[in-house]
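Below: coords26.txt (compact mmCIF, C-alpha atoms)
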# COMPACT_ATOMS: atom_id res chain seq x y z
CA MET T 1 89.36 134.67 84.77
CA ILE T 2 92.18 132.40 85.89
CA GLU T 3 93.40 129.36 83.94
CA TYR T 4 93.44 126.09 85.87
CA SER T 5 95.71 123.15 85.16
CA TYR T 6 93.37 120.23 84.50
CA PRO T 7 92.24 117.78 85.68
CA LEU T 8 91.12 119.80 88.69
CA TYR T 9 89.59 118.04 91.67
CA ARG T 10 87.88 119.39 94.76
CA PRO T 11 85.72 117.89 97.53
CA PRO T 12 81.94 118.00 96.92
CA ALA T 13 81.54 120.43 99.82
CA GLU T 14 83.75 122.95 98.00
CA ALA T 15 81.58 123.11 94.87
CA ASN T 16 80.47 126.70 95.42
CA ASN T 17 83.70 128.01 96.92
CA ILE T 18 86.77 129.74 95.51
CA ILE T 19 89.43 127.33 94.25
CA ILE T 20 93.06 128.48 94.12
CA GLN T 21 95.61 126.10 92.62
CA VAL T 22 98.84 126.37 94.63
CA THR T 23 100.40 123.08 93.49
CA HIS T 24 99.96 120.81 90.50
CA GLY T 25 99.29 117.14 91.20
CA CYS T 26 99.99 115.16 94.35
CA SER T 27 103.37 115.00 96.08
CA TYR T 28 102.90 111.29 96.94
CA ASN T 29 100.75 109.97 94.07
CA ASN T 30 101.51 106.29 94.74
CA CYS T 31 98.19 104.99 96.08
CA SER T 32 97.29 102.09 93.80
CA PHE T 33 93.53 102.78 93.78
CA CYS T 34 93.74 106.50 92.90
CA SER T 35 93.86 107.87 89.36
CA MET T 36 93.26 111.53 90.21
CA TYR T 37 96.68 112.98 89.38
CA LYS T 38 98.32 110.28 87.29
CA SER T 39 98.53 112.64 84.28
CA LYS T 40 100.39 115.32 86.25
CA LYS T 41 103.90 115.66 87.57
CA PHE T 42 103.94 117.33 90.98
CA SER T 43 105.11 120.93 90.98
CA VAL T 44 104.67 124.07 93.06
CA LYS T 45 103.21 127.27 91.66
CA SER T 46 105.20 130.39 92.38
CA LEU T 47 103.83 132.85 94.89
CA GLU T 48 103.60 135.43 92.13
CA GLU T 49 101.33 133.15 90.07
CA VAL T 50 99.17 132.40 93.10
CA TYR T 51 98.88 136.10 94.01
CA GLU T 52 97.86 136.89 90.44
CA ASP T 53 95.07 134.30 90.60
CA ILE T 54 93.90 135.63 93.96
CA ASP T 55 93.82 139.17 92.59
CA LYS T 56 91.63 138.13 89.67
CA LEU T 57 89.20 136.12 91.79
CA SER T 58 88.94 138.75 94.51
CA ILE T 59 87.62 141.24 91.96
CA SER T 60 84.76 138.96 90.87
CA TYR T 61 84.09 137.31 94.25
CA SER T 62 84.96 139.98 96.78
CA ASN T 63 82.45 138.62 99.34
CA ALA T 64 83.77 135.05 99.28
CA THR T 65 84.03 133.42 102.69
CA ARG T 66 85.61 130.05 101.79
CA VAL T 67 88.63 129.06 99.73
CA PHE T 68 89.95 125.62 98.77
CA LEU T 69 93.66 125.29 97.97
CA ALA T 70 94.28 122.70 95.24
CA ASP T 71 95.75 120.33 94.03
CA GLY T 72 96.25 117.01 95.78
CA ASP T 73 97.91 117.89 99.05
CA ALA T 74 98.71 121.58 99.36
CA LEU T 75 99.68 121.01 102.98
CA THR T 76 102.94 119.54 101.69
CA LEU T 77 104.13 123.11 101.03
CA PRO T 78 106.60 124.63 103.53
CA THR T 79 104.78 126.39 106.34
CA ASN T 80 106.24 129.79 105.49
CA HIS T 81 105.10 129.43 101.87
CA LEU T 82 101.57 128.56 103.00
CA LEU T 83 101.52 131.43 105.48
CA GLN T 84 102.34 133.91 102.74
CA ILE T 85 99.44 132.58 100.66
CA LEU T 86 97.08 132.70 103.65
CA GLU T 87 98.09 136.25 104.51
CA TYR T 88 97.42 137.32 100.93
CA LEU T 89 94.05 135.57 100.97
CA ASN T 90 93.03 137.24 104.23
CA LYS T 91 94.00 140.62 102.82
CA SER T 92 92.18 140.01 99.53
CA PHE T 93 88.94 138.51 100.89
CA GLU T 94 87.83 140.58 103.87
CA LYS T 95 85.02 138.17 104.77
CA LEU T 96 87.17 135.04 104.58
CA ARG T 97 86.26 132.49 107.27
CA ARG T 98 87.70 129.21 106.07
CA VAL T 99 90.56 127.88 103.98
CA SER T 100 90.69 124.14 103.32
CA VAL T 101 93.05 121.65 101.67
CA TYR T 102 93.48 117.99 100.91
CA ALA T 103 96.03 116.57 103.36
CA THR T 104 97.83 113.28 103.96
CA ALA T 105 99.15 111.76 107.15
CA GLN T 106 102.63 112.37 105.75
CA ASN T 107 101.89 116.12 105.46
CA LEU T 108 100.62 116.37 109.03
CA LEU T 109 103.40 114.29 110.56
CA LYS T 110 106.08 116.49 108.94
CA LYS T 111 104.70 119.66 110.48
CA THR T 112 104.97 120.56 114.14
CA GLU T 113 101.89 121.32 116.19
CA ASP T 114 103.05 124.91 116.48
CA GLU T 115 103.21 125.18 112.68
CA LEU T 116 99.72 123.74 112.32
CA LYS T 117 98.35 126.10 114.96
CA LEU T 118 99.89 129.03 113.13
CA LEU T 119 98.21 127.92 109.90
CA SER T 120 94.91 127.58 111.74
CA GLU T 121 95.25 131.09 113.15
CA HIS T 122 95.51 132.27 109.54
CA LYS T 123 92.21 130.47 108.79
CA LEU T 124 93.47 127.22 107.32
CA ASN T 125 91.03 125.39 109.53
CA LEU T 126 89.73 122.37 107.58
CA ILE T 127 91.53 119.42 105.99
CA TYR T 128 90.15 116.65 103.80
CA PHE T 129 91.85 113.39 104.77
CA GLY T 130 91.63 109.98 103.10
CA ILE T 131 91.67 107.19 105.69
CA GLU T 132 90.55 104.60 103.08
CA THR T 133 91.18 101.71 105.49
CA GLY T 134 92.53 101.26 108.99
CA ASP T 135 94.04 97.81 108.51
CA ASP T 136 97.83 97.79 108.21
CA GLU T 137 97.97 94.82 105.84
CA LEU T 138 95.50 96.50 103.49
CA LEU T 139 97.32 99.82 103.72
CA LYS T 140 100.42 98.05 102.39
CA LYS T 141 98.44 96.39 99.62
CA ILE T 142 97.05 99.72 98.39
CA ASN T 143 100.44 101.41 98.83
CA LYS T 144 99.13 104.14 101.12
CA GLY T 145 102.60 104.85 102.54
CA VAL T 146 101.50 105.02 106.20
CA ASP T 147 100.06 102.69 108.82
CA ALA T 148 97.00 103.06 111.04
CA GLU T 149 98.96 104.52 113.94
CA ASP T 150 100.43 107.19 111.67
CA MET T 151 96.91 108.25 110.72
CA ILE T 152 95.70 108.32 114.33
CA VAL T 153 98.66 110.50 115.37
CA ALA T 154 98.22 112.78 112.34
CA LEU T 155 94.48 113.28 112.84
CA ASN T 156 94.88 113.95 116.54
CA LYS T 157 97.63 116.45 115.79
CA ALA T 158 95.26 118.34 113.49
CA THR T 159 92.54 118.37 116.15
CA SER T 160 94.98 119.61 118.81
CA SER T 161 95.92 122.41 116.41
CA ASN T 162 92.31 123.62 116.04
CA ILE T 163 92.01 122.26 112.51
CA LYS T 164 88.79 120.42 111.67
CA THR T 165 89.00 117.14 109.78
CA SER T 166 86.79 115.66 107.09
CA ALA T 167 87.74 112.01 106.57
CA THR T 168 86.80 109.50 103.88
CA VAL T 169 86.63 105.71 104.02
CA ILE T 170 86.42 103.46 100.95
CA LEU T 171 83.98 100.59 101.28
CA GLY T 172 84.90 97.51 99.27
CA ILE T 173 88.60 98.38 99.08
CA SER T 174 89.39 95.24 101.09
CA GLY T 175 87.75 92.85 98.67
CA GLN T 176 85.81 89.93 100.06
CA LYS T 177 88.71 88.25 101.85
CA TYR T 178 89.72 91.12 104.14
CA SER T 179 86.36 92.83 104.70
CA LYS T 180 86.11 92.18 108.44
CA LYS T 181 89.70 93.34 109.09
CA HIS T 182 89.08 96.45 106.99
CA ILE T 183 86.02 97.52 108.94
CA ILE T 184 87.39 96.76 112.41
CA GLY T 185 90.63 98.64 111.75
CA THR T 186 88.89 101.60 110.14
CA ALA T 187 86.36 101.98 112.96
CA ASN T 188 89.27 101.86 115.39
CA ILE T 189 90.85 104.91 113.74
CA VAL T 190 87.62 106.89 113.94
CA ASN T 191 87.06 105.89 117.56
CA GLN T 192 90.58 106.98 118.56
CA THR T 193 90.34 110.39 116.91
CA GLN T 194 87.95 113.33 116.92
CA ILE T 195 87.20 113.85 113.27
CA ASN T 196 84.38 116.28 112.51
CA TYR T 197 83.04 114.93 109.21
CA LEU T 198 83.04 111.34 107.96
CA SER T 199 82.13 110.08 104.50
CA THR T 200 82.09 106.63 102.94
CA LEU T 201 82.58 105.91 99.23
CA GLN T 202 82.44 102.67 97.27
CA LEU T 203 85.57 101.50 95.51
CA GLY T 204 85.70 102.38 91.83
CA LEU T 205 88.82 101.71 89.77
CA GLU T 206 89.50 103.76 86.65
CA ASP T 207 91.02 101.95 83.68
CA ASP T 208 94.44 103.57 84.14
CA VAL T 209 94.96 102.13 87.65
CA TYR T 210 93.01 98.86 87.37
CA GLU T 211 96.04 96.74 86.48
CA LYS T 212 98.32 98.41 89.04
CA PHE T 213 95.78 97.86 91.81
CA HIS T 214 95.30 94.18 91.01
CA ASN T 215 99.05 93.60 90.65
CA SER T 216 99.65 94.93 94.17
CA PHE T 217 96.57 93.15 95.54
CA ASP T 218 96.67 89.76 93.82
CA ASP T 219 94.03 88.11 96.04
CA PHE T 220 91.46 90.87 95.60
CA ILE T 221 87.90 89.69 94.88
CA GLU T 222 85.42 92.50 94.28
CA CYS T 223 82.55 92.92 96.74
CA SER T 224 78.96 93.03 95.51
CA ASP T 225 76.72 95.95 96.41
CA GLU T 226 75.07 93.79 99.06
CA GLU T 227 78.45 92.92 100.58
CA VAL T 228 79.42 96.60 100.57
CA LEU T 229 76.21 97.52 102.41
CA LYS T 230 76.95 94.85 104.99
CA GLU T 231 80.38 96.47 105.42
CA GLN T 232 78.66 99.82 105.88
CA LYS T 233 76.36 98.38 108.52
CA HIS T 234 79.23 96.73 110.40
CA PHE T 235 81.24 99.94 110.25
CA ILE T 236 78.45 102.06 111.73
CA GLU T 237 77.78 99.44 114.40
CA LEU T 238 81.41 99.70 115.57
CA LEU T 239 81.57 103.51 115.61
CA ASN T 240 81.54 105.08 119.05
CA PRO T 241 82.84 108.62 118.55
CA THR T 242 83.43 110.78 121.62
CA ASN T 243 82.40 113.92 119.72
CA LYS T 244 79.65 114.82 117.25
CA VAL T 245 80.48 113.55 113.76
CA ILE T 246 78.57 114.62 110.66
CA PHE T 247 78.22 111.43 108.61
CA ARG T 248 77.52 111.25 104.88
CA SER T 249 77.39 108.38 102.41
CA ASN T 250 76.00 110.35 99.47
CA HIS T 251 78.93 110.28 97.06
CA ALA T 252 78.00 109.36 93.49
CA SER T 253 79.73 105.98 93.90
CA ASN T 254 77.43 104.72 96.66
CA ALA T 255 74.67 102.15 96.15
CA LEU T 256 72.74 103.65 99.07
CA HIS T 257 72.80 107.27 100.18
CA LEU T 258 72.83 107.91 103.91
CA LYS T 259 73.22 110.96 106.10
CA GLY T 260 73.06 111.66 109.80
CA THR T 261 74.95 112.70 112.90
CA LEU T 262 76.86 110.23 115.04
CA PRO T 263 76.36 108.94 117.62
CA LYS T 264 72.78 110.36 117.70
CA ASP T 265 71.56 108.76 114.47
CA LYS T 266 73.49 105.51 114.70
CA GLN T 267 70.47 103.20 115.06
CA ARG T 268 68.45 105.00 112.39
CA LEU T 269 71.31 104.59 109.89
CA ILE T 270 71.58 100.89 110.71
CA ASP T 271 67.82 100.50 110.28
CA GLU T 272 67.97 102.18 106.86
CA ILE T 273 70.70 99.80 105.74
CA ASN T 274 68.75 96.79 107.03
CA GLN T 275 65.68 97.92 105.13
CA SER T 276 67.69 98.29 101.93
CA LEU T 277 69.22 94.85 102.38
CA ARG T 278 65.74 93.36 102.83
CA LEU T 279 64.44 95.03 99.68
CA GLY T 280 67.52 94.05 97.68
CA GLU T 281 68.76 95.48 94.38
CA ASP T 282 65.57 97.41 93.67
CA SER T 283 66.46 99.75 96.55
CA PHE T 284 70.02 100.35 95.32
CA ILE T 285 70.96 103.31 93.17
CA PRO T 286 71.33 101.96 89.60
CA LYS T 287 74.94 101.55 88.55
CA TYR T 288 74.49 103.74 85.48
CA PHE T 289 73.86 106.66 87.83
CA ARG T 290 77.06 106.04 89.76
CA GLY T 291 80.64 107.15 89.18
CA PHE T 292 83.52 109.31 90.34

Whole structure given in structure tokens:
Amino acid sequence: MIEYSYPLYRPPAEANNIIIQVTHGCSYNNCSFCSMYKSKKFSVKSLEEVYEDIDKLSISYSNATRVFLADGDALTLPTNHLLQILEYLNKSFEKLRRVSVYATAQNLLKKTEDELKLLSEHKLNLIYFGIETGDDELLKKINKGVDAEDMIVALNKATSSNIKTSATVILGISGQKYSKKHIIGTANIVNQTQINYLSTLQLGLEDDVYEKFHNSFDDFIECSDEEVLKEQKHFIELLNPTNKVIFRSNHASNALHLKGTLPKDKQRLIDEINQSLRLGEDSFIPKYFRGF
């Protein structure tokens, strides 16, 4: 079996899929709220190492249909490098249908639409994308490195290139003071793009980034679970997607788990939040069951 460089992260939806590490760490790694790759220095695995891992996994999982390329943002790799990996994957897994990666707006903006279409043709057809917030002031505070317009352009470029998008939003990342701005700006991004999957998480700061986050966001006041649920309700109220969006709020960090399809289930989701707010803390998932 192959040896991974830990810590190793993957989206929840990739739990039962093949994971191939093609980079170590995250090429940006400056978001103040994120501790995922702070113990790693970004580096690229050689093609020979990647091919060796693929060879080993293809023996044990010859019928695999889905592969996730780790670590933090494999889409940062040069297009030709990625194409060689995709070609080897397609040759090694005859039933392969989908290859997915974490991606940033920076990654997508650096690649041309033709490059992205070529990657899609080789079955790289799903990206996991962290929106976090759509408010430009907040994006600066959390050191995201892009603004809302960058994310809109990047997400629309992926869609135009036949790549599906799974986006995440972090509830509570605004703190109490900027909550309204956070939700309005974030809903605006979703409404101006055609993402396919949308998830919301609740902010959770690990010890190793807590100080950095508060230093860059000196007027941050943490939201209570009730305030976060009110953010969730406001967010869903403002969403008017032009396409079908699979919505989930079932990450382990959430006080209330929700799932549905937008816009079809919009009112039902709002009703579920209202019911939870009426019942209060007894309806929330206990904090000792929550985490990242």

d(atom CA of Thr79 of chain T, atom CA of Lys140 of chain T) in Å: 28.9 Å

Considering only C-alpha atoms, return as a PDB file with C-alpha atoms, in the coordinates of the input whatever protein or nucleic-acid residues lie within 6 Å of segment 28-42 of chain T, sequence-local ones (same chain, fewer than 4 positions apart) excluded.
ATOM      1  CA  HIS T  24      99.960 120.810  90.500  1.00  0.00           C
ATOM      2  CA  ILE T 142      97.050  99.720  98.390  1.00  0.00           C
ATOM      3  CA  ASN T 143     100.440 101.410  98.830  1.00  0.00           C
ATOM      4  CA  LYS T 144      99.130 104.140 101.120  1.00  0.00           C
ATOM      5  CA  PHE T 213      95.780  97.860  91.810  1.00  0.00           C
TER       6      PHE T 213
END

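Between atom CA of Pro78 of chain T and atom CA of Ile19 of chain T lies a distance of 19.7 Å.
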
Atom CA of Glu206 of chain T to atom CA of Ile285 of chain T, distance in Å rounded to a single decimal: 19.7 Å

Residues within 10 Å of Asp219 of chain T, only C-alpha atoms, excluding chain neighbours under 6 positions, as an MDAnalysis selection string: chainID T and resid 174:178

Selection near Met1 of chain T, 9 Å with all atoms listed in the file, sequence-local residues under 4 positions removed, as a VMD selection string: chain T and resid 53 56 to 57 60

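Near segment 257-265 of chain T, within 7 Å and counting all atoms listed in the file, sit Asn240, Pro241, Lys244, Val245, Ile246, Phe247, Arg248, Ser249, Asn250 and Leu269 of chain T, not including residues fewer than 4 positions from it in the same chain.
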
Residues within 7 Å of Asn17 of chain T, all atoms listed in the file, excluding chain neighbours under 5 positions, as a list of chain:residue names: T:Arg66, T:Val67, T:Phe68

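Distances here use all atoms listed in the file; by that measure, the residue among T:Lys180, T:Lys111, T:Leu203, T:Asn188 closest to Ala148 of chain T is T:Asn188.
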
As JSON: centre and edge lengths in Å, one decimal, of the axis-aligned box holding segment 128-139 of chain T with 3 Å per side:
{"center_x": 94.1, "center_y": 105.7, "center_z": 106.0, "size_x": 13.8, "size_y": 27.8, "size_z": 11.9}

Top pick for closest residue to Lys230 of chain T, considering T:Glu113, T:Asp218, T:Asp271, T:Glu211 and counting only C-alpha atoms: T:Asp271

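The shortest atom-to-atom distance to Asp73 of chain T, with only C-alpha atoms taken into account, belongs to T:Thr104 out of T:Ser43, T:Thr104, T:Asp114, T:Leu89.
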
Proximity to Leu171 of chain T - best of T:Leu239, T:Val101, T:Leu201, T:Leu69, all atoms listed in the file: T:Leu201

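Proximity of T:Leu138, T:Ile163, T:Ala158, T:Leu83 to Ser120 of chain T, computed with only C-alpha atoms, is greatest for T:Ile163.
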